[in-house]
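Structure file run-v9.cif (mmCIF, C-alpha atoms) follows.
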```
data_start
#
loop_
_atom_site.label_atom_id
_atom_site.label_comp_id
_atom_site.auth_asym_id
_atom_site.auth_seq_id
_atom_site.Cartn_x
_atom_site.Cartn_y
_atom_site.Cartn_z
CA MET A 1 3.03 71.13 137.69
CA LYS A 2 3.97 74.48 136.24
CA LEU A 3 4.88 74.71 132.60
CA ASN A 4 6.36 77.68 130.75
CA GLU A 5 3.10 78.16 128.89
CA ARG A 6 3.88 81.55 127.43
CA SER A 7 7.01 80.15 125.81
CA LEU A 8 5.05 77.16 124.61
CA ALA A 9 2.47 79.42 123.02
CA PHE A 10 5.26 81.38 121.39
CA TYR A 11 6.85 78.22 120.04
CA ALA A 12 3.47 77.16 118.64
CA THR A 13 2.80 80.40 116.83
CA CYS A 14 6.21 81.69 115.85
CA ASP A 15 7.37 81.43 112.28
CA SER A 16 9.64 78.44 112.76
CA PRO A 17 8.43 75.89 110.21
CA ALA A 18 5.96 73.28 111.35
CA ASP A 19 6.56 69.61 110.70
CA ASN A 20 2.93 69.19 109.81
CA ALA A 21 -0.19 71.34 109.99
CA GLY A 22 -3.82 70.93 109.10
CA PHE A 23 -7.36 70.41 110.27
CA LEU A 24 -8.13 67.30 112.24
CA TYR A 25 -11.15 66.19 114.16
CA LYS A 26 -10.41 65.54 117.78
CA ARG A 27 -12.64 63.37 119.86
CA GLY A 28 -13.53 64.85 123.19
CA GLU A 29 -12.48 63.29 126.45
CA ARG A 30 -15.80 62.89 128.12
CA HIS A 31 -18.16 63.32 125.24
CA THR A 32 -17.52 61.39 122.10
CA ALA A 33 -18.31 64.28 119.80
CA TYR A 34 -15.52 65.29 117.45
CA HIS A 35 -14.35 68.88 117.27
CA ARG A 36 -12.55 70.28 114.28
CA ARG A 37 -9.32 71.90 115.32
CA TRP A 38 -6.27 73.35 113.61
CA PHE A 39 -3.27 71.20 114.48
CA VAL A 40 0.36 72.19 114.28
CA LEU A 41 3.20 69.74 114.83
CA LYS A 42 6.54 71.19 115.86
CA GLY A 43 9.19 68.80 117.03
CA ASN A 44 7.70 66.55 119.67
CA MET A 45 4.83 68.92 120.47
CA LEU A 46 1.43 68.70 118.85
CA PHE A 47 -0.45 71.94 119.35
CA TYR A 48 -4.10 72.46 118.57
CA PHE A 49 -5.99 75.66 118.03
CA GLU A 50 -9.67 76.44 118.00
CA GLU A 51 -9.28 78.06 114.62
CA ARG A 52 -6.47 78.43 112.15
CA GLU A 53 -6.20 82.14 112.96
CA SER A 54 -6.27 81.72 116.74
CA ARG A 55 -3.39 83.47 118.43
CA GLU A 56 -2.89 80.86 121.09
CA PRO A 57 -3.29 77.12 121.14
CA VAL A 58 -6.10 75.60 123.13
CA GLY A 59 -3.80 72.78 124.10
CA VAL A 60 -0.74 70.71 123.37
CA ILE A 61 0.01 67.02 123.36
CA VAL A 62 3.58 66.16 124.37
CA LEU A 63 4.34 63.27 122.05
CA GLU A 64 7.35 61.73 123.75
CA GLY A 65 6.83 58.03 124.32
CA CYS A 66 3.62 57.69 122.34
CA THR A 67 2.59 55.21 119.71
CA VAL A 68 0.41 56.10 116.76
CA GLU A 69 -2.06 53.59 115.42
CA LEU A 70 -4.85 53.37 112.97
CA CYS A 71 -8.16 53.28 114.65
CA ASP A 72 -11.24 51.23 114.44
CA SER A 73 -13.80 53.92 114.62
CA ALA A 74 -17.09 54.87 113.09
CA GLU A 75 -15.27 57.98 112.00
CA GLU A 76 -13.45 57.74 108.71
CA PHE A 77 -9.65 58.25 108.53
CA ALA A 78 -9.32 57.94 112.27
CA PHE A 79 -6.09 57.26 114.12
CA ALA A 80 -5.03 57.27 117.73
CA ILE A 81 -2.14 58.60 119.78
CA ARG A 82 -1.61 56.25 122.69
CA PHE A 83 0.62 56.37 125.71
CA GLY A 84 1.93 53.58 127.84
CA GLY A 85 0.61 54.34 131.31
CA ALA A 86 -2.30 52.58 132.91
CA LYS A 87 -4.56 55.58 133.16
CA SER A 88 -3.28 57.34 130.10
CA ARG A 89 -5.68 59.00 127.82
CA THR A 90 -5.80 57.98 124.18
CA TYR A 91 -6.23 60.83 121.76
CA VAL A 92 -8.46 59.88 118.87
CA LEU A 93 -8.12 62.06 115.82
CA ALA A 94 -9.60 61.91 112.38
CA ALA A 95 -8.30 63.39 109.18
CA GLU A 96 -10.29 64.63 106.26
CA SER A 97 -8.82 62.29 103.68
CA GLN A 98 -6.82 59.10 103.36
CA ALA A 99 -3.75 61.04 102.26
CA ALA A 100 -3.98 63.43 105.19
CA MET A 101 -4.37 60.57 107.61
CA GLU A 102 -1.31 58.80 106.25
CA SER A 103 0.71 61.97 106.33
CA TRP A 104 -0.20 62.62 109.94
CA VAL A 105 0.39 59.08 111.11
CA LYS A 106 3.79 59.12 109.47
CA SER A 107 4.93 62.45 110.87
CA LEU A 108 3.53 61.82 114.36
CA SER A 109 5.10 58.41 114.71
CA ARG A 110 8.51 59.94 114.02
CA ALA A 111 8.04 63.09 116.02
CA SER A 112 9.81 62.09 119.20
CA PHE A 113 13.01 63.64 120.39
CA ASP A 114 14.40 60.13 120.88
CA TYR A 115 13.82 59.27 117.25
CA MET A 116 15.45 62.46 116.04
CA ARG A 117 18.39 61.81 118.33
CA LEU A 118 18.87 58.31 116.91
CA VAL A 119 18.84 59.58 113.35
CA VAL A 120 21.33 62.33 114.19
CA ARG A 121 23.65 59.90 115.93
CA GLU A 122 23.50 57.53 113.03
CA LEU A 123 24.41 60.23 110.53
CA GLU A 124 27.09 61.56 112.81
CA LYS A 125 28.59 58.10 112.99
CA GLN A 126 28.44 57.71 109.23
CA LEU A 127 30.18 61.01 108.75
CA GLU A 128 32.90 60.15 111.25
CA GLU A 129 33.50 56.84 109.59
CA MET A 130 33.84 58.52 106.24
CA ARG A 131 36.21 61.14 107.52
CA TRP A 132 38.46 58.50 109.02
CA GLY A 133 39.45 57.62 105.56
CA LEU A 134 37.58 54.53 104.66
CA ALA A 135 37.98 55.57 101.09
CA GLY A 136 39.17 52.23 99.91
CA GLY A 137 35.69 51.02 99.28
CA CYS A 138 34.63 49.69 102.64
CA ARG A 139 31.00 48.91 102.29
CA GLY A 140 30.73 47.46 105.69
CA SER A 141 29.47 50.31 107.82
CA PRO A 142 27.01 48.75 110.15
CA SER A 143 23.84 50.58 109.51
CA SER A 144 20.92 48.35 108.99
CA TRP A 145 19.30 50.43 111.64
CA LYS A 146 15.62 50.71 110.99
CA PRO A 147 13.48 53.46 112.38
CA LYS A 148 11.61 52.01 115.28
CA PRO A 149 8.02 52.81 116.00
CA LEU A 150 7.70 55.13 118.93
CA GLY A 151 7.17 53.94 122.37
CA LEU A 152 7.86 50.30 121.83
CA GLU A 153 11.47 50.37 122.84
CA ARG A 154 12.83 53.05 125.07
CA SER A 155 16.40 52.74 126.06
CA PRO A 156 16.47 52.39 129.81
CA GLU A 157 20.06 53.51 130.13
CA ARG A 158 21.28 57.02 130.30
CA LEU A 159 21.88 58.30 126.83
CA PRO A 160 25.19 60.06 126.35
CA ALA A 161 24.84 63.64 125.30
CA LEU A 162 25.73 64.64 121.78
CA PRO A 163 29.29 65.90 121.56
CA THR A 164 29.62 69.67 121.46
CA VAL A 165 32.30 69.57 118.86
CA LEU A 166 31.49 68.17 115.50
CA PRO A 167 34.01 65.61 114.30
CA LYS A 168 37.25 67.36 113.52
CA GLU A 169 38.51 67.45 110.02
CA ASN A 170 41.62 65.39 110.08
CA SER A 171 44.28 67.40 108.36
CA CYS A 172 45.57 64.52 106.37
CA ALA A 173 42.50 62.48 105.63
CA VAL A 174 41.75 63.38 102.10
CA TRP A 175 38.36 62.19 101.13
CA ASN A 176 38.33 60.19 97.98
CA ASN A 177 35.55 61.55 95.84
CA THR A 178 35.87 59.34 92.82
CA PRO A 179 32.50 58.09 91.80
CA GLY A 180 31.89 54.55 92.80
CA ALA A 181 34.47 54.58 95.53
CA ASN A 182 31.95 55.28 98.20
CA ARG A 183 28.71 53.51 98.41
CA LEU A 184 26.22 54.08 101.08
CA PRO A 185 25.56 50.97 103.06
CA ASP A 186 22.34 49.25 102.24
CA THR A 187 19.82 48.34 104.83
CA SER A 188 19.58 44.66 104.12
CA GLY A 189 21.40 42.16 106.19
CA CYS A 190 24.26 43.86 107.91
CA GLY A 191 23.12 43.84 111.46
CA GLY A 192 25.74 45.14 113.78
CA HIS A 193 24.49 48.52 114.78
CA ASP A 194 22.93 49.26 118.09
CA GLY A 195 20.33 51.90 117.62
CA GLU A 196 19.22 51.80 121.20
CA GLY A 197 21.38 54.59 122.46
CA ASN A 198 24.00 52.49 124.17
CA PRO A 199 27.20 54.47 124.47
CA ARG A 200 29.06 54.32 121.20
CA PRO A 201 32.21 52.24 121.38
CA PRO A 202 35.34 54.13 120.41
CA PRO A 203 35.88 53.86 116.68
CA LEU A 204 38.02 50.92 115.69
CA PRO A 205 41.04 51.37 113.46
CA PRO A 206 39.78 50.94 109.94
CA ARG A 207 41.69 47.76 109.29
CA ARG A 208 40.05 45.89 112.14
CA ARG A 209 36.63 47.25 111.56
CA ALA A 210 36.66 46.38 107.93
CA SER A 211 37.58 42.79 108.59
CA SER A 212 35.04 42.37 111.35
CA SER A 213 32.20 43.81 109.38
CA GLU A 214 29.62 41.35 108.37
CA SER A 215 29.75 42.07 104.73
CA GLY A 216 33.39 41.13 104.92
CA SER A 217 34.51 41.92 101.44
CA ALA A 218 35.81 45.36 102.26
CA GLY A 219 38.64 44.26 104.53
CA ALA A 220 40.94 43.15 101.77
CA ALA A 221 40.32 46.23 99.72
CA ALA A 222 41.12 48.59 102.56
CA ALA A 223 44.28 46.75 103.56
CA GLU A 224 45.68 46.54 100.10
CA ASN A 225 44.96 50.03 98.93
CA PRO A 226 48.33 51.78 99.20
CA SER A 227 47.00 55.30 99.38
CA THR A 228 44.78 54.35 102.31
CA PHE A 229 47.73 52.76 104.06
CA CYS A 230 49.92 55.81 103.54
CA ARG A 231 47.29 58.11 104.93
CA LEU A 232 46.77 55.94 107.96
CA HIS A 233 50.50 55.59 108.50
CA GLU A 234 50.97 59.33 108.39
CA TRP A 235 47.98 59.98 110.57
CA TYR A 236 48.92 57.55 113.29
CA GLY A 237 52.52 58.72 113.01
CA GLN A 238 51.50 62.27 113.70
CA GLU A 239 49.51 61.21 116.69
CA VAL A 240 52.43 59.24 118.07
CA ALA A 241 54.73 62.23 117.55
CA ARG A 242 52.29 64.46 119.42
CA LEU A 243 51.96 62.07 122.31
CA ARG A 244 55.70 61.68 122.51
CA GLN A 245 56.08 65.45 122.66
CA VAL A 246 53.62 65.69 125.53
CA TRP A 247 55.40 62.89 127.35
CA LEU A 248 58.80 64.55 126.95
CA GLU A 249 57.44 67.82 128.27
CA ARG A 250 56.06 66.10 131.29
CA LEU A 251 59.42 64.46 131.94
CA ARG A 252 61.12 67.83 131.89
CA GLY A 253 58.66 69.04 134.49
CA PRO A 254 57.27 72.52 135.09
CA GLY A 255 59.46 75.54 134.48
CA MET B 1 -3.24 75.78 127.77
CA ARG B 2 -4.26 72.17 128.20
CA TYR B 3 -1.54 69.58 128.15
CA ASN B 4 -1.15 65.90 128.89
CA GLU B 5 0.20 66.26 132.39
CA ARG B 6 0.24 62.56 133.14
CA GLU B 7 2.62 61.88 130.29
CA LEU B 8 4.80 64.81 131.20
CA LEU B 9 5.03 63.53 134.77
CA SER B 10 5.93 60.14 133.42
CA LEU B 11 8.63 61.75 131.31
CA ALA B 12 9.99 63.43 134.44
CA ARG B 13 10.58 59.99 135.91
CA GLN B 14 12.60 58.76 132.93
CA PRO B 15 16.39 58.47 133.12
CA ALA B 16 17.88 61.90 132.69
CA GLU B 17 20.57 63.21 130.38
CA LYS B 18 21.75 65.16 133.34
CA ALA B 19 20.54 65.68 136.90
CA ALA B 20 21.90 67.56 139.87
CA GLU B 21 20.93 69.49 142.94
CA ILE B 22 21.38 73.11 142.02
CA LEU B 23 20.27 76.40 143.53
CA MET B 24 17.54 77.84 141.37
CA ARG B 25 15.64 81.06 141.22
CA VAL B 26 12.51 81.59 139.15
CA PRO B 27 11.77 84.95 137.48
CA LYS B 28 9.10 85.96 139.92
CA LYS B 29 9.16 89.07 142.03
CA GLY B 30 10.80 88.47 145.36
CA SER B 31 11.89 84.95 144.61
CA VAL B 32 15.14 83.67 146.06
CA LEU B 33 17.59 80.92 145.29
CA LYS B 34 16.33 77.54 146.46
CA LYS B 35 17.90 74.15 146.28
CA ARG B 36 16.22 72.08 143.62
CA LEU B 37 16.75 68.76 141.94
CA VAL B 38 17.11 69.75 138.31
CA LYS B 39 16.69 67.08 135.68
CA LEU B 40 17.16 67.26 131.93
CA VAL B 41 15.07 64.78 129.95
CA VAL B 42 14.86 65.17 126.17
CA ASN B 43 13.99 68.84 125.60
CA PHE B 44 12.48 69.43 129.03
CA LEU B 45 14.13 70.69 132.16
CA PHE B 46 12.22 69.47 135.21
CA TYR B 47 12.79 70.88 138.65
CA PHE B 48 11.81 69.22 141.92
CA ARG B 49 11.92 70.01 145.59
CA THR B 50 14.75 67.81 146.71
CA ASP B 51 12.55 65.46 148.72
CA GLU B 52 9.60 65.18 146.37
CA ALA B 53 8.87 62.72 143.61
CA GLU B 54 6.77 65.01 141.47
CA PRO B 55 8.32 68.05 139.82
CA ILE B 56 7.26 71.55 140.76
CA GLY B 57 7.61 72.55 137.16
CA ALA B 58 8.98 71.93 133.71
CA LEU B 59 10.59 74.14 131.12
CA LEU B 60 10.35 73.28 127.44
CA LEU B 61 13.76 74.20 126.09
CA GLU B 62 12.88 75.47 122.63
CA HIS B 63 13.80 78.96 121.45
CA CYS B 64 15.60 79.62 124.69
CA ARG B 65 18.85 81.31 125.46
CA ILE B 66 21.36 79.86 127.89
CA THR B 67 23.67 82.51 129.27
CA LYS B 68 26.63 82.40 131.57
CA GLU B 69 25.94 85.05 134.16
CA GLU B 70 28.56 85.05 136.88
CA GLU B 71 31.30 82.63 137.81
CA ASN B 72 29.14 79.63 138.69
CA VAL B 73 25.82 80.95 137.52
CA PHE B 74 23.90 80.45 134.31
CA SER B 75 20.43 81.48 133.28
CA ILE B 76 17.72 80.27 130.94
CA SER B 77 15.49 82.78 129.24
CA PHE B 78 13.11 82.56 126.31
CA ILE B 79 13.41 84.67 123.24
CA GLU B 80 10.00 86.26 123.50
CA GLU B 81 10.75 87.44 127.04
CA PRO B 82 14.50 87.80 127.37
CA GLU B 83 14.37 89.64 130.69
CA ARG B 84 12.60 86.84 132.50
CA LYS B 85 15.45 84.64 133.63
CA TYR B 86 15.56 81.36 135.43
CA CYS B 87 18.85 81.46 137.33
CA PHE B 88 20.94 78.51 138.41
CA GLU B 89 23.88 78.64 140.78
CA CYS B 90 26.22 75.68 140.47
CA ASP B 91 28.79 74.28 142.84
CA SER B 92 31.67 74.90 140.51
CA LYS B 93 32.46 76.58 137.24
CA GLU B 94 32.99 73.15 135.68
CA GLN B 95 29.50 72.08 136.64
CA CYS B 96 28.20 75.38 135.34
CA GLN B 97 29.93 74.93 132.00
CA GLU B 98 28.71 71.35 131.65
CA TRP B 99 25.13 72.38 132.19
CA ILE B 100 25.39 75.27 129.75
CA GLU B 101 26.70 72.94 127.07
CA ALA B 102 24.13 70.27 127.76
CA LEU B 103 21.23 72.71 127.73
CA LYS B 104 22.35 74.39 124.52
CA ARG B 105 22.19 71.05 122.79
CA ALA B 106 18.97 69.95 124.39
CA SER B 107 16.45 71.39 122.01
CA TYR B 108 14.70 69.59 119.22
CA GLU B 109 15.54 72.51 116.96
CA PHE B 110 19.25 72.12 117.71
CA MET B 111 19.09 68.47 116.74
CA ARG B 112 17.23 69.31 113.59
CA ARG B 113 20.02 71.69 112.61
CA SER B 114 22.63 69.02 113.40
CA LEU B 115 20.78 66.52 111.29
CA ILE B 116 20.55 68.89 108.37
CA PHE B 117 24.26 69.64 108.73
CA TYR B 118 25.27 65.96 108.73
CA ARG B 119 22.92 65.14 105.91
CA ASN B 120 24.40 67.92 103.85
CA GLU B 121 27.98 66.89 104.60
CA ILE B 122 27.34 63.27 103.75
CA GLN B 123 25.53 64.25 100.60
CA LYS B 124 28.45 66.44 99.56
CA MET B 125 30.87 63.60 100.13
CA THR B 126 28.93 60.81 98.57
CA GLY B 127 26.44 62.42 96.27
CA LYS B 128 23.72 60.44 97.98
CA ASP B 129 21.13 61.40 100.51
CA PRO B 130 21.70 59.38 103.68
CA LEU B 131 18.08 59.74 104.70
CA GLU B 132 16.74 58.01 101.65
CA GLN B 133 17.42 54.55 102.99
CA TYR B 134 15.30 55.38 106.02
CA GLY B 135 12.45 56.57 103.89
CA ILE B 136 12.34 59.98 105.49
CA SER B 137 14.10 62.20 103.02
CA GLU B 138 10.97 64.01 101.96
CA GLU B 139 9.88 65.05 105.37
CA ALA B 140 9.76 68.76 105.97
CA ARG B 141 11.62 68.54 109.23
CA PHE B 142 14.80 67.42 107.46
CA GLN B 143 14.93 69.82 104.58
CA LEU B 144 17.95 71.95 103.93
CA GLY B 145 17.50 75.64 103.96
CA THR B 146 13.95 75.69 105.19
CA HIS B 147 14.70 76.11 108.83
CA LYS B 148 15.78 79.33 110.32
CA GLN B 149 18.35 79.50 113.02
#
```

With the file now loaded, output its structure as structure tokens.
Amino acid sequence: MKLNERSLAFYATCDSPADNAGFLYKRGERHTAYHRRWFVLKGNMLFYFEERESREPVGVIVLEGCTVELCDSAEEFAFAIRFGGAKSRTYVLAAESQAAMESWVKSLSRASFDYMRLVVRELEKQLEEMRWGLAGGCRGSPSSWKPKPLGLERSPERLPALPTVLPKENSCAVWNNTPGANRLPDTSGCGGHDGEGNPRPPPLPPRRRASSSESGSAGAAAAENPSTFCRLHEWYGQEVARLRQVWLERLRGPG
Amino acid sequence: MRYNERELLSLARQPAEKAAEILMRVPKKGSVLKKRLVKLVVNFLFYFRTDEAEPIGALLLEHCRITKEEENVFSISFIEEPERKYCFECDSKEQCQEWIEALKRASYEFMRRSLIFYRNEIQKMTGKDPLEQYGISEEARFQLGTHKQ
């Protein structure tokens, strides 16, 4: 299979910041000797160079779908990058210190595109929820989503693409910035969120969502807060007016 | 450059963000438009002969430029070699536009920028770092201002 190797080499060596870089020992495929190589992690691509100053990588490991584990090896600070297939090769690497090993294991296990996509979607969702005016102290955003280790759970469904347009600023949703009014959801307990990449359901009107959230306590606050109600009333009212306008124009017909 | 071909082939068999039969031309002298099954999976664009299970090739979509060429045609080129273009002729201008939008968003670097944007916005609104609860706020990949466009 052809690969755009020149572009890959460029990506590896260009000045875009690396997510991790350093010397690691890499165990050979056929011979078990370890070779010291300069590794550079960018996105979901782990490049390795003969030397730190080399102009081109010797190779690259595409990390999508891998799991990273500590390794039982004679070599100290060893860890392994494993893939799921039957005949897949396992890459055994060794760091030069405990700290380096931990740093690599951490960054490699979160290097996949899928993982990044989940985090982005989660934040996007949080931001949308905030902008829809849940200022009244709803603490119920479902986000006990925990980062999953790579490779253990891949969503088998098609993942919807990220929207091209970032959530629009609603002209009348004024974000309440008083301290204490907004608390980030905590990770304990509240379990509703699907981090698997299933298509996001359309956002519920705040009233309903607040009352159906598992933490529960926010519903009353949102419903009773008069400024929240006024904003929602105005916002929905504007939408209704717009829709009515479109409908009337259609009735009149072209020309 | 060595790479883990087996895993890349396995990736090519995963469900795609987007897939279609499109006429494609590679930037090689004398090459012509050929019908290919084109499949977008994470930040790779795989292309297959329409009756084959294994891709002919794969393009890593980092540091690339997606350009609308003619009515139904778009191209992919890479910033270090902007003249070398992979051309794609779609069935309609809608299909063309959809692919352009999907490919522009398909890179890891694009997602990183989105993440930094959302993190920043949420932090401005709430005063708190939304990544902290996931234990990843210190990672270099998510830092504000350290990544160039």

* To do: Could you jot down the atom CA of Ser73 of chain A to atom CA of Arg27 of chain A separation for me, Å, one decimal place?
  =>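 Separation between atom CA of Ser73 of chain A and atom CA of Arg27 of chain A: 10.9 Å.
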
- prompt: Around (4.2, 78.4, 136.6) in the file's own coordinates, what residues are found within 9 Å if you use all atoms listed in the file, given back as a list in words?
  reply: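 Final list of nearby residues, as requested, is Met1, Lys2, Leu3, Asn4 and Glu5 of chain A; Ile56, Gly57 and Ala58 of chain B.
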
Check your understanding: Nearest to chain B: which of A:Trp104, A:Trp38, A:Tyr11, A:Phe49 is it, counting all atoms listed in the file?
Key ->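 Distance minimum relative to chain B lands on A:Tyr11.
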
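Distances from A:Arg117, A:Arg55, A:Arg242, A:Arg250 to chain B were compared using all atoms listed in the file, and the smallest one belongs to A:Arg117.
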
The PyMOL selection byres ((chain B) within 8 of (chain A)) on the file shown: which residues, as a PyMOL selection string?
chain B and resi 1-8+11+15-17+42-43+55-60+62-63+78+80+101-102+105+108-109+111-112+114-115+118-119+121-122+125-126+128+130+133-134+139-141+146-148

Worksheet item: At what distance in Å, to one decimal, does atom CA of Glu29 of chain A lie from atom CA of Ser109 of chain A?
Response: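 So the two atoms, atom CA of Ser109 of chain A and atom CA of Glu29 of chain A, lie 21.7 Å apart.
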
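Separating atom CA of Glu69 of chain A from atom CA of Ala100 of chain A is a distance of 14.3 Å.
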
Edge lengths and centre in Å, axis-aligned, segment 62-77 of chain B plus 4 Å each side, as lines of an AutoDock Vina configuration file:
```
center_x = 22.1
center_y = 80.3
center_z = 130.1
size_x = 26.4
size_y = 17.6
size_z = 25.2
```

**Item:** Given the PyMOL selection byres ((chain B and resi 36) around 10), the residues it picks as a list in words
**Value:**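 Checking the PyMOL selection byres ((chain B and resi 36) around 10) against this file, the residues are Ala20, Glu21, Ile22, Leu23, Met24, Arg25, Leu33, Lys34, Lys35, Leu37, Val38, Lys39, Phe46, Tyr47, Phe48, Arg49, Thr50, Asp51, Glu52, Pro55, Ile56 and Phe88 of chain B.
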
Write out as a PyMOL selection string each polymer residue whose atoms come within 8 Å of Tyr86 of chain B, counting all atoms listed in the file; drop sequence neighbours fewer than 6 positions from it. chain B and resi 24-27+75-77

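Across B:Lys124, B:Leu9, B:Phe74, B:Glu69, the tightest approach to Lys104 of chain B is made by B:Phe74 when counting all atoms listed in the file.
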
Fill-in result for segment 28-35 of chain B, all heavy atoms as a short mmCIF file (atom, residue, chain, number, x, y, z; two decimals), keeping the file's coordinate frame:
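Saved to out22.cif:
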```
data_model
loop_
_atom_site.label_atom_id
_atom_site.label_comp_id
_atom_site.auth_asym_id
_atom_site.auth_seq_id
_atom_site.Cartn_x
_atom_site.Cartn_y
_atom_site.Cartn_z
N LYS B 28 10.32 85.44 139.31
CA LYS B 28 9.10 85.96 139.92
C LYS B 28 9.55 86.97 140.95
O LYS B 28 10.57 86.80 141.60
CB LYS B 28 8.36 84.80 140.59
CG LYS B 28 6.92 85.10 140.93
CD LYS B 28 6.23 83.83 141.39
CE LYS B 28 5.45 84.07 142.67
NZ LYS B 28 4.71 82.88 143.12
N LYS B 29 8.76 88.00 141.12
CA LYS B 29 9.16 89.07 142.03
C LYS B 29 9.38 88.52 143.43
O LYS B 29 8.54 87.79 143.96
CB LYS B 29 8.06 90.12 142.07
CG LYS B 29 8.59 91.50 142.36
CD LYS B 29 7.55 92.56 142.05
CE LYS B 29 8.13 93.93 142.34
NZ LYS B 29 7.17 94.99 142.16
N GLY B 30 10.52 88.87 143.99
CA GLY B 30 10.80 88.47 145.36
C GLY B 30 11.29 87.06 145.52
O GLY B 30 11.50 86.59 146.64
N SER B 31 11.48 86.35 144.43
CA SER B 31 11.89 84.95 144.61
C SER B 31 13.38 84.87 144.90
O SER B 31 14.17 85.73 144.49
CB SER B 31 11.53 84.11 143.38
OG SER B 31 12.53 84.18 142.42
N VAL B 32 13.75 83.85 145.65
CA VAL B 32 15.14 83.67 146.06
C VAL B 32 15.66 82.33 145.57
O VAL B 32 14.90 81.48 145.13
CB VAL B 32 15.28 83.73 147.60
CG1 VAL B 32 14.91 85.10 148.12
CG2 VAL B 32 14.43 82.67 148.25
N LEU B 33 16.97 82.18 145.69
CA LEU B 33 17.59 80.92 145.29
C LEU B 33 17.15 79.80 146.23
O LEU B 33 17.19 79.95 147.44
CB LEU B 33 19.11 81.02 145.35
CG LEU B 33 19.81 81.77 144.23
CD1 LEU B 33 21.29 81.94 144.56
CD2 LEU B 33 19.67 81.03 142.90
N LYS B 34 16.73 78.68 145.64
CA LYS B 34 16.33 77.54 146.46
C LYS B 34 16.96 76.29 145.88
O LYS B 34 17.14 76.17 144.67
CB LYS B 34 14.81 77.39 146.43
CG LYS B 34 14.08 78.55 147.07
CD LYS B 34 12.67 78.16 147.48
CE LYS B 34 11.99 79.30 148.19
NZ LYS B 34 10.78 79.72 147.50
N LYS B 35 17.26 75.37 146.76
CA LYS B 35 17.90 74.15 146.28
C LYS B 35 16.85 73.27 145.61
O LYS B 35 15.81 72.96 146.19
CB LYS B 35 18.49 73.39 147.46
CG LYS B 35 19.44 72.30 147.03
CD LYS B 35 20.10 71.66 148.22
CE LYS B 35 21.53 71.26 147.94
NZ LYS B 35 22.05 70.43 149.02
#
```
